[in-house]
Structures are given as structure tokens and as C-alpha cells.
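> Below: one structure in C-alpha cells.
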Amino acid sequence: MQTDNSNITRNRLAWQCRRGMRELDVLLLGFLEQRYPQLGTGDIDSFTRLLEYPDNVLLEWLLGHMVPSDRDVAHIVQEIRHAAVS
Amino acid sequence: MEIARRRFDTLIIGAGGGGLRAALHLSSADAHVAVVSKVFPTRSHTVAAQGGVNAALANVRPDNWHWHMFDTVKGSDYLGDQDAIEYMCRAAPQAVYELEHFGVPFSRLDDGRIYQRQFGGQSMNFGGEQAARTCAAADRTGHAILQSLYQQNIRARTHFFDEYFAIDLIKDHEGYLLGAVVMNIANSELLLIEAKTTLLATGGAGQLFRTNTNALINTGDGMAMALRAGIPLQDMEFFQFHPTGIAGKGMLISEAVRGEGGYLVNADGERFMEHYAPNAKDLASRDVVSRAIATEVREGRGCGEHRDHVLLKVDHLGAETVHQRLPGICDMVRTFLGTDPAESPIPVAPTAHYTMGGIPTNRFGQVIVPLQHGPEEPVPGLYAAGECACVSVHGANRLGGNSLLDILVFGRAAANHIVDYLHENRYHKPCPTDGADPALARLARWEQQGDGETVDHLRTELAQIMEENCGVFRTEEVMQDGLDKVTALSGRMGDVRLTDHSKIFNTARIEALELENLMDVALATVASALQRKESRGAHSRIDYPERDDVQWLRHSLYHRDTRTVDYKPVRTRPITVDSFPPKERVY
């Protein structure tokens with residue numbers, strides 16, 4: 001049952017990674033595919049929170065122009081940037 | 001199978017700028033409007049449009065809608081319909097002022113008027129000096145427009161079905177469009193939305209090509225729905241490419257890099273642009289540079305493990321110059337490649353950007369098809385606007401700043417016509433009992449169990465074929481090979497199986513439906529490209545390098561049922577002014 005729930009959460013997040021910009025699709029989906037199995041509940045919460053921000057804000061954060069004030073979200077942003085080039 | 005039903009005056013499929021502009025006008029006119037969007041509306045691809053909106057406001061330099069019209073006709077390589085272009089250019093200032101009233105924060109001049117920037121292809125006095133015609137909200141124009149329109153729609157009580165995927169249109173036996181079957185992505189439940197009028201505003205199909213600048217959502221869904229409803233697609237051979245996208249990923253690396261002194265090299269380290277354009281070299285026009293890169297790759301001088309790209313070098317300029325003059329590019333390259341362009345060259349390849357072709361419409365947004373009475377009969381109840389449509393204002397090549405204008409003007413024009421249609425058609429026509437059957441059959445097919453090919457595999461193969469055989473390097477042989485390959489690939493669709501048949505957020509099922517859409521649109525694209533034996537705008541053939549106005553000043557129409565292409569004339573007569581006759585296109 002837990003696996004089912006985890007699969008549903010992953011699929012829901014994957015759809016919410018579908019954005020209006022190619023840059024965001026690549027970074028967000030790439031991160032999810034690479035790192036989802038290792039993410040703890042806290043990370044999943046932060047990632048879910050991150051996905052609620054508008055596309056232009058995500059782009060500023062993920063390209064490193066700005067840093068989110070929410071520390072947990074800032075941490076996830078760093079992880080995504082790291083995953084993009086690893 | 002009994003499925004839930006809802007009734008609306010108008011169903012709008014797609015919540016980008018075109019869909020939302022139409023929805024706002026209709027909701028404000030007290031129509032009962034449903035907007036179906038596969039992603040949350042403000043995540044539509046309009047958000048990626050940075051450039052701006054063209055309108056002859058004459059705030060910075062003298063300007064006139066007629067000059068804007070001339071530039072658009074010329075830019076289209078004379079394939080654009082001049083009545084639609086006149087309408088768009090005349091409506092442009094009004095479209096911008098409306099956005100201003102909706103709350104779009106346009107960049108401004110010191111005296112408070114809207115600032116206008118210069119873009120390529122803009123002129124004063126019919127081909128004279130550079131004009132300044134593009135209104136922008138800094139570099140976030142698309143985002144600002146989408147947010148404002150969404151907020152205004154919430155105020156106007158437009159009904160949104162967020163994260164619903166449209167499966168197929170519903171038609172009665174007289175040919176009236178009566179709505180669509182849609183699926184709630186969250187739980188796979190179906191809904192039949194009955195509507196007196198339906199507007200397709202689903203955007204482009206950049207995902208046809210391996211390297212592209214488009215969001216993943218751009219899978220040509222509306223175009224494929226139209227094809228399956230028996231509507232041909234127009235001018236699909238015209239796809240705009242940008243010469244330098246990050247190889248295999250697609251993000252744009254702007255011309256500014258070459259403008260600052262960057263140059264391209266092949267696997268032998270050779271500056272190959274010297275052979276293709278001895279004078280302009282790396283600053284030659286987009287199509288020349290795109291084709292040169294494709295030629296280097298085809299002839300085995302590509303770089304990397306798969307020899308599928310070339311390198312863009314800027315390291316000779318010195319770290320300080322590179323970091324100071326190209327900060328945006330440096331961020332992009334660091335983020336996606338983990339390298340510093342001042343130290344390592346950027347792998348680049350031509351990247352697909354914009355679909356000029358699409359669902360044929362007139363300037364009222366009505367979808368038009370060849371029927372018994374002539375080449376352009378409206379399909380009652382069906383409209384299309386924006387990148388999924390072909391009205392055709394972009395013809396063979398789109399000018400920067402005209403895509404946002406297109407969605408605003410024709411989203412609104414379609415809504416105007418719909419308002420009149422709703423006055424004359426006050427009641428819903430009965431939906432035939434078998435109306436949803438084709439959609440249900442398509443869905444049932446994906447419930448088949450067992451082993452088979454995967455969606456991912458076919459999609460990757462399709463994008464690769466399209467890039468190699470219908471990208472920027474076009475000859476009879478290359479495209480015939482492409483058509484054969486895509487035809488063979490579409491024959492394998494029946495062997496594809498899903499391994500996940502669950503109901504909750506089953507994104508695999510949505511991706512399978514998107515693949516079906518891409519396959520149909522790919523066939524339309526490569527078949528139309530193969531047939532057009534000339535070079536015009538973005539369709540550039542090595543074996544037919546010249547434009548041929550005698551044979552080919554006409555629109556192509558691809559029909560899905562017969563897999564054939566036929567043609568209709570270009571509307572060369574504007575509404576009130578004289579026609580611009582075809583001339584050689586020199587910049």
C-alpha cells in the first residue's frame with residue numbers, strides 16, 4: 001500500500017513538474033527521475049512547496065539569479081541545480 | 001459506457017494567452033465558459049514568451065499599422081493571408097491597451113507611455129529604417145500577460161477544468177461541433193463537455209523534434225484532434241528553427257553570443273561557417289547557420305559521442321568579457337552543462353521553435369475546410385486560435401513579437417464571432433448517442449495488457465527521425481526517407497503497451513495519448529514538406545533553393561484519412577488597402 005501511495009505521489013509531482021518552459025521541465029523532471037527514490041518526507045514537502053511557485057520565480061531560483069527565503073525550498077533548489085549537472 | 005456530462009455555451013481547450021483572452025471576452029459577455037487545460041493555466045507555454053507584443057503605437061519612433069502589415073507580409077515570404085494580416089496589425093494597438101487595462105505592467109518611457117523596443121524584421125515606411133514596435137513587460141511579457149488574463153478570468157467567473165486532458169472532439173452527423181470528451185488526469189474519470197461552440201487553443205508542436213525550445217506540453221494535441229475530426233492541417237511544412245540551442249536539450253543560446261565574437265567549430269576544430277558564408281560567417285542569417293550546422297553533422301564532422309552537434313566557442317574573448325557581456329548565457333550554460341563558456345565551448349544544434357502551420361481558420365477564428373461549395377467552408381461551432389491555428393498571419397516565417405499579438409488578436413476575434421453565433425444558436429443541439437465512441441475506443445485500446453513496445457521508445461525514435469529527416473536539412477531523398485520512417489513507426493503504434501493501468505495521476509496514459517497526437521502531426525509535417533518543391537521562409541530545400549511563386553504561392557492542406565496533401569490559394573487581397581505583391585525578400 002505504501003508503495004502505491006509513493007507511486008501516486010511521484011506521478012502527481014511528475015505532472016506538476018510539467019511547466020510552461022523547457023528549462024523548468026528539464027530541471028524539475030530530471031531531478032525527480034534521478035532523486036525521487038532517495039527523497040525523505042521533508043524533502044518531498046519542500047519540493048511540493050517549490051512547485052507551487054509561478055514559473056518565472058522558479059526560473060530565477062533555478063538559474064541561480066535569486067535564492068528563496070524559505071530555507072527548505074532553498075535547499076531543494078540547490079539539490080536540483082546539483083542534479084542537473086551530475 | 002455512461003460518462004458524466006456538463007453543458008456550457010463555449011468550451012475552450014487550452015489555457016495559454018489565446019484561450020484565456022477568448023474566455024475573458026466571452027465570460028464578460030455573460031456566456032457560460034469552460035476552459036480545459038492539461039496543466040495549471042499559468043503554466044501554459046505563453047509564459048515562456050519573453051520578447052513582447054508588436055503594435056504600431058509610435059511611442060518611440062514614428063509608426064503605422066500599414067508598415068507593420070508590410071513587414072509581416074514580407075516576413076511571411078508572401079504566404080501569409082493579407083486580409084488576416086491587415087486585421088491583426090490594425091487591431092494591435094487596441095490589443096495592447098486592453099492588456100494595459102487588465103493590469104499587464106508594460107515597461108514605460110519617462111513620460112509614462114509604453115516603451116517599445118526594436119526587433120528584427122521591423123521597418124518604417126515599407127522597408128525603410130528600423131522601427132521600434134515591440135511592447136514588453138521587461139523580459140517577462142508572456143508571464144505578465146498570462147497572470148493578468150488568468151486573474152481577470154477568475155473575476156469574470158470562467159469555469160476552469162485544471163489538469164484535464166482533451167481526448168477528442170464530438171461532431172454530429174450534420175458536421176456540427178458539439179464539444180469534447182475530456183479526462184481528469186487526477187483520477188482518469190471521463191467527462192463529456194457539451195458546448196454550442198468549441199475553441200481550440202492548444203499551442204504548438206515543438207515536441208516533434210528532438211532538440212526544441214518548447215515546453216513538454218507542446219505536443220500538438222489540438223491539431224491532432226482536428227485531424228481526427230476530419231479537418232486538414234495547413235502549411236505544416238513551415239517550422240521555425242533557431243540555429244543554436246544547447247545540443248540534445250534545446251534551450252536557446254541567443255545570437256548575442258556570436259554577435260560578441262563567438263564562433264562555431266566542427267569536430268576538426270575548423271571554423272566551418274567560412275565555407276558557407278565567406279562574408280557574414282557566423283553572423284549569417286538563421287537559416288544559413290542552421291543548415292550549415294546540419295550539413296557538418298550529416299557529413300560526419302559533428303562533435304561528441306554521437307557526432308550530433310557542433311561547438312560554439314567564446315573562450316578566446318577572455319573570461320572578463322564573457323562574464324560581463326553574456327551573463328544570462330553563462331548562467332544557462334552553468335546550470336545545464338555545469339561548465340563555464342569562458343573555459344569550455346558550448347555544444348549546440350539547431351533547435352525547433354515555432355509551428356507556423358496548424359488548423360486552418362479565417363480571420364474570425366472559424367475553422368474552415370474545403371467542402372462542396374468551395375475551399376473555405378466554416379465548420380459550424382468550431383474555432384481555433386494561436387499557435388495551433390493557421391489563420392495565416394505568419395505564412396512561411398514568423399516575425400519576433402507577432403506570436404503574442406496573434407494569440408491576443410485572434411483569441412479576441414474568435415470570441416467576438418462566438419458571441420454572435422451564440423445569439424443565433426440559443427439551444428444545445430442534441431449530442432448523438434454514439435458521439436463519444438471514437439474517444440472511448442481510443443482509450444480502451446490503451447487498456448490492452450501484455451508485452452509490447454514502450455511509449456518512450458517510439459517517442460524518442462519519432463523525435464530523432466523528425467530532426468534528421470524533416471529538420472533544417474531538406475532534400476527529396478532525406479524527406480522521402482523521413483516519410484517512410486514515420487509511416488513505419490506509426491504502423492508500430494498498435495504494438496505499444498502500457499505497463500501501468502492505474503487510475504490516479506497515470507501520467508503514462510497521458511503520454512501515450514500525446515504520442516498518438518505527435519504521430520499524426522509528424523505525418524502531416526513530413527508529408528507537406530516533401531510535397532513542397534521550393535524554398536520559402538522556414539522551408540528551405542537544398543534541391544529547390546529558389547522560391548517559386550508561379551507553382552507554390554499556395555497553402556498546403558494535409559488530410560489524415562487519405563494521407564494526402566492538396567492546396568488552396570493564398571488570400572493576397574487585404575480588407576481595405578492594396579495588396580503587397582511578392583518581391584524578393586532581402587534584409
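Residue numbering restarts at 1 for every chain of the C-alpha cells, chains are lettered A, B, ... in their displayed order, and ligands are numbered from 1 as they appear.
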Please provide the set of residues having any atom within 8 Å of range 307-311 of chain B, restricted to only C-alpha atoms, with same-chain residues fewer than 5 positions apart removed, written as a list of chain:residue names.
B:Ala247, B:Leu264, B:Val265, B:Asn266, B:Ala267, B:Ile293, B:Glu296, B:Val297, B:Gly300, B:Arg301, B:Gly302, B:Pro345, B:Ile346, B:Pro347, B:Val348, B:Ala349
> Residues of chain A within 12 Å of chain B, counting only C-alpha atoms, what are they? List them as an MDAnalysis selection string.
chainID A and resid 4:30 51:66 77:86
> With C-alpha atoms retained, write the just-selected residues as a CSV table (one decimal), in the first residue's frame.

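Result went into result_25.csv, see below:
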```
chain,number,residue,atom,x,y,z
A,4,ASP,CA,1.2,2.5,-4.2
A,5,ASN,CA,0.9,5.8,-2.3
A,6,SER,CA,4.5,6.6,-3.1
A,7,ASN,CA,3.9,5.9,-6.7
A,8,ILE,CA,0.9,8.2,-6.8
A,9,THR,CA,2.8,11.0,-5.1
A,10,ARG,CA,5.6,10.6,-7.5
A,11,ASN,CA,3.2,10.6,-10.5
A,12,ARG,CA,1.4,13.6,-9.2
A,13,LEU,CA,4.6,15.5,-8.7
A,14,ALA,CA,5.8,14.5,-12.1
A,15,TRP,CA,2.7,16.1,-13.7
A,16,GLN,CA,3.2,19.2,-11.6
A,17,CYS,CA,6.8,19.4,-13.0
A,18,ARG,CA,5.2,20.0,-16.4
A,19,ARG,CA,5.7,23.7,-16.8
A,20,GLY,CA,5.4,26.4,-19.4
A,21,MET,CA,9.2,26.5,-20.1
A,22,ARG,CA,11.6,23.9,-21.4
A,23,GLU,CA,14.2,24.9,-18.9
A,24,LEU,CA,11.9,24.1,-15.9
A,25,ASP,CA,10.7,20.8,-17.4
A,26,VAL,CA,14.3,19.6,-17.8
A,27,LEU,CA,15.5,20.7,-14.4
A,28,LEU,CA,12.4,19.6,-12.4
A,29,LEU,CA,11.7,16.3,-14.1
A,30,GLY,CA,15.4,15.5,-14.3
A,51,LEU,CA,6.2,23.5,-7.4
A,52,GLU,CA,3.5,25.9,-6.2
A,53,TYR,CA,5.6,29.0,-7.2
A,54,PRO,CA,5.0,30.6,-10.6
A,55,ASP,CA,7.2,29.7,-13.5
A,56,ASN,CA,9.1,32.9,-13.6
A,57,VAL,CA,10.1,32.7,-9.9
A,58,LEU,CA,11.2,29.1,-10.4
A,59,LEU,CA,13.4,30.1,-13.3
A,60,GLU,CA,15.1,32.9,-11.3
A,61,TRP,CA,15.8,30.5,-8.5
A,62,LEU,CA,16.9,27.5,-10.6
A,63,LEU,CA,19.2,29.6,-12.8
A,64,GLY,CA,20.8,30.9,-9.6
A,65,HIS,CA,19.7,34.6,-10.0
A,66,MET,CA,17.9,34.6,-6.7
A,77,VAL,CA,16.8,24.4,-5.3
A,78,GLN,CA,20.4,23.7,-4.6
A,79,GLU,CA,19.8,19.9,-4.9
A,80,ILE,CA,18.0,20.4,-8.2
A,81,ARG,CA,20.9,22.6,-9.6
A,82,HIS,CA,23.3,20.0,-8.4
A,83,ALA,CA,21.4,17.1,-10.0
A,84,ALA,CA,21.2,19.0,-13.3
A,85,VAL,CA,24.9,18.7,-13.9
A,86,SER,CA,25.8,15.4,-12.1
```
> Assign secondary structure with DSSP using the backbone only, and return the residues of range 240-400 of chain B in helix (DSSP H, G or I) as a PDB file with C-alpha atoms, in the first residue's frame.

```pdb
ATOM      1  CA  ALA B 256      24.217  37.701 -28.939  1.00  0.00           C
ATOM      2  CA  VAL B 257      26.971  35.116 -28.363  1.00  0.00           C
ATOM      3  CA  ARG B 258      28.034  35.210 -31.997  1.00  0.00           C
ATOM      4  CA  GLY B 259      27.410  38.963 -32.026  1.00  0.00           C
ATOM      5  CA  MET B 273      30.955  28.976 -41.377  1.00  0.00           C
ATOM      6  CA  GLU B 274      33.750  30.441 -43.524  1.00  0.00           C
ATOM      7  CA  HIS B 275      32.831  27.881 -46.209  1.00  0.00           C
ATOM      8  CA  TYR B 276      29.085  28.545 -46.113  1.00  0.00           C
ATOM      9  CA  LYS B 281      30.490  33.895 -41.449  1.00  0.00           C
ATOM     10  CA  ASP B 282      28.968  33.135 -38.033  1.00  0.00           C
ATOM     11  CA  LEU B 283      26.617  36.105 -38.301  1.00  0.00           C
ATOM     12  CA  ARG B 286      19.448  31.970 -39.058  1.00  0.00           C
ATOM     13  CA  ASP B 287      18.535  29.546 -41.831  1.00  0.00           C
ATOM     14  CA  VAL B 288      22.033  29.646 -43.342  1.00  0.00           C
ATOM     15  CA  VAL B 289      23.702  28.929 -40.000  1.00  0.00           C
ATOM     16  CA  SER B 290      21.152  26.200 -39.152  1.00  0.00           C
ATOM     17  CA  ARG B 291      21.704  24.445 -42.467  1.00  0.00           C
ATOM     18  CA  ALA B 292      25.498  24.721 -42.182  1.00  0.00           C
ATOM     19  CA  ILE B 293      25.432  23.018 -38.772  1.00  0.00           C
ATOM     20  CA  ALA B 294      23.137  20.276 -40.096  1.00  0.00           C
ATOM     21  CA  THR B 295      25.436  19.749 -43.091  1.00  0.00           C
ATOM     22  CA  GLU B 296      28.534  19.424 -40.900  1.00  0.00           C
ATOM     23  CA  VAL B 297      26.755  16.836 -38.747  1.00  0.00           C
ATOM     24  CA  ARG B 298      25.428  14.882 -41.756  1.00  0.00           C
ATOM     25  CA  ASP B 315      36.816  31.284 -24.680  1.00  0.00           C
ATOM     26  CA  HIS B 316      39.104  33.411 -26.903  1.00  0.00           C
ATOM     27  CA  LEU B 317      37.249  36.547 -25.736  1.00  0.00           C
ATOM     28  CA  ALA B 319      36.724  35.384 -19.009  1.00  0.00           C
ATOM     29  CA  GLU B 320      36.029  39.002 -18.055  1.00  0.00           C
ATOM     30  CA  THR B 321      34.384  39.895 -21.371  1.00  0.00           C
ATOM     31  CA  VAL B 322      32.368  36.680 -21.483  1.00  0.00           C
ATOM     32  CA  HIS B 323      31.051  37.056 -17.933  1.00  0.00           C
ATOM     33  CA  GLN B 324      30.312  40.757 -18.322  1.00  0.00           C
ATOM     34  CA  ARG B 325      28.660  40.769 -21.712  1.00  0.00           C
ATOM     35  CA  PRO B 327      25.720  36.910 -18.091  1.00  0.00           C
ATOM     36  CA  GLY B 328      22.411  35.231 -19.000  1.00  0.00           C
ATOM     37  CA  ILE B 329      24.093  32.736 -21.308  1.00  0.00           C
ATOM     38  CA  CYS B 330      26.749  31.978 -18.677  1.00  0.00           C
ATOM     39  CA  ASP B 331      24.013  31.188 -16.106  1.00  0.00           C
ATOM     40  CA  MET B 332      22.213  28.976 -18.563  1.00  0.00           C
ATOM     41  CA  VAL B 333      25.332  27.037 -19.524  1.00  0.00           C
ATOM     42  CA  ARG B 334      26.473  26.667 -15.911  1.00  0.00           C
ATOM     43  CA  THR B 335      23.037  25.399 -14.905  1.00  0.00           C
ATOM     44  CA  PHE B 336      22.503  22.916 -17.714  1.00  0.00           C
ATOM     45  CA  LEU B 337      26.029  21.834 -18.581  1.00  0.00           C
ATOM     46  CA  GLY B 386      -2.954  30.910 -31.642  1.00  0.00           C
ATOM     47  CA  GLU B 387      -0.084  28.583 -32.482  1.00  0.00           C
ATOM     48  CA  CYS B 388      -2.370  25.571 -33.057  1.00  0.00           C
TER      49      CYS B 388
END
```
> Near Glu174 in chain B, within 12 Å and counting only C-alpha atoms, which residues show up once chain neighbours fewer than 6 positions away are dropped, as an MDAnalysis selection string?
chainID B and resid 379:381 429:432
> Just the selected residues (C-alpha atoms), exported as an mmCIF file, in the first residue's frame, please.

```cif
data_model
loop_
_atom_site.group_PDB
_atom_site.id
_atom_site.type_symbol
_atom_site.label_atom_id
_atom_site.label_comp_id
_atom_site.auth_asym_id
_atom_site.auth_seq_id
_atom_site.Cartn_x
_atom_site.Cartn_y
_atom_site.Cartn_z
ATOM 1 C CA VAL B 379 -17.127 24.023 -39.588
ATOM 2 C CA PRO B 380 -20.184 25.093 -37.557
ATOM 3 C CA GLY B 381 -19.361 25.508 -33.874
ATOM 4 C CA LYS B 429 -28.061 20.625 -30.431
ATOM 5 C CA PRO B 430 -28.649 17.055 -29.304
ATOM 6 C CA CYS B 431 -25.445 15.116 -28.895
ATOM 7 C CA PRO B 432 -25.621 11.826 -30.841
#
```
> Env of Ala229 in chain B: 10 Å cut, atoms = only C-alpha atoms, seq-sep filter 5 positions within chain, self excluded. Answer as a PyMOL selection string.
chain B and resi 168-171+175+177+223-224+438+560-561
> Can you pull out every residue within 8 Å of range 408-421 of chain B, counting only C-alpha atoms, but drop anything in the same chain fewer than 3 positions away, and send it as a list in words?
Gly17, Gly18, Gly19, Leu20, Arg21, Ala22, Ala23, His25, Leu26, Ala29, Ala31, Met88, Ala91, Ala92, Ala95, Thr197, Leu199, Arg363, Phe364, Gly365, Gln366, Tyr383, Ala384, Ala385, Gly386, Leu404, Leu405, Glu424 and Asn425 of chain B
> With a distance cut-off of 10 Å and only C-alpha atoms, select the neighbouring residues of range 463-467 of chain B, excluding the residue or stretch itself and same-chain residues fewer than 6 positions from it, and output the selection as a PyMOL selection string.
chain B and resi 206-212+294+350-352+473+479+481-483+485-486+489+518-519+522-523+525-526
> Quick one: residues within 6 Å of Leu191 in chain B, only C-alpha atoms counted, chain neighbours fewer than 2 positions away excluded, as a VMD selection string?
chain B and resid 4 to 5 181 to 182
> Hey, can you check how far CA of Met69 in chain B sits from CA of Gln82 in chain B?
8.2 Å
